[in-house]
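Quick notes on the structure that follows.
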Amino acid sequence: MNTQVDRITIEPEVCHGKPIVRGMRWPVEMILDMLGSGMTPDEIVRDHYELEIDDIYACINFSRLSVSGETLSLTNE
């Protein structure tokens, strides 16, 4: 299972420059909100076909790294 944060990007013109999933209009915070409301990763990808399970785990890992104080480097690819 890929939990790398390379699926997370920041693009100033998309979602006000918030961290997003693979350049799509899916902010990391929205994925975390769904998880926080009790949805499972499987439920999220079942309800939102454009997302992949690795996207969900990348959001979780990105959040963990963000609060750990580790340096993150996000690029647009």
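Every chain in the structure tokens has a letter given in the order shown (A, B, ...), and although residue numbers restart at 1 in each chain, ligands are simply numbered from 1 in the order shown.
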
Q: For segment 38-55 of chain A, list every protein, DNA or RNA residue within 12 Å, evaluated using only C-alpha atoms, and leave out those in the same chain fewer than 5 positions away; present the list as a PyMOL selection string.
A: chain A and resi 1-9+20-28+30-33+60-62

Q: List every residue of chain A that DSSP, applied to the backbone, labels as alpha helix (DSSP H), and write the result as a count of residues only.
A: 32

Q | Backbone DSSP call of strand (DSSP E or B) for chain A, listed as a PyMOL selection string | A | chain A and resi 8-10+19-21+27

Based on the selection just made, write N, CA and C atoms of those residues as a CSV table (one decimal), in the first residue's frame.
chain,number,residue,atom,x,y,z
A,8,ILE,N,0.0,14.1,-3.0
A,8,ILE,CA,-0.6,15.4,-2.5
A,8,ILE,C,0.2,16.5,-3.1
A,9,THR,N,-0.5,17.5,-3.7
A,9,THR,CA,0.2,18.7,-4.3
A,9,THR,C,-0.5,20.0,-3.8
A,10,ILE,N,0.2,21.0,-4.1
A,10,ILE,CA,-0.3,22.4,-3.8
A,10,ILE,C,-0.2,23.1,-5.1
A,19,PRO,N,-3.5,22.0,0.3
A,19,PRO,CA,-3.0,20.7,-0.2
A,19,PRO,C,-4.2,19.9,-0.8
A,20,ILE,N,-4.0,19.3,-2.0
A,20,ILE,CA,-5.0,18.6,-2.7
A,20,ILE,C,-4.5,17.2,-3.1
A,21,VAL,N,-5.4,16.4,-3.5
A,21,VAL,CA,-5.1,15.0,-3.9
A,21,VAL,C,-4.9,15.0,-5.5
A,27,PRO,N,-9.4,18.7,-1.5
A,27,PRO,CA,-8.5,19.1,-0.5
A,27,PRO,C,-8.3,18.0,0.6

Q: Quote the spacing between atom CA of Ile56 of chain A and atom CA of Ser37 of chain A in Å to one decimal place.
A: 14.2 Å

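The space between atom CA of Glu29 of chain A and atom CA of Ser63 of chain A spans 9.0 Å.
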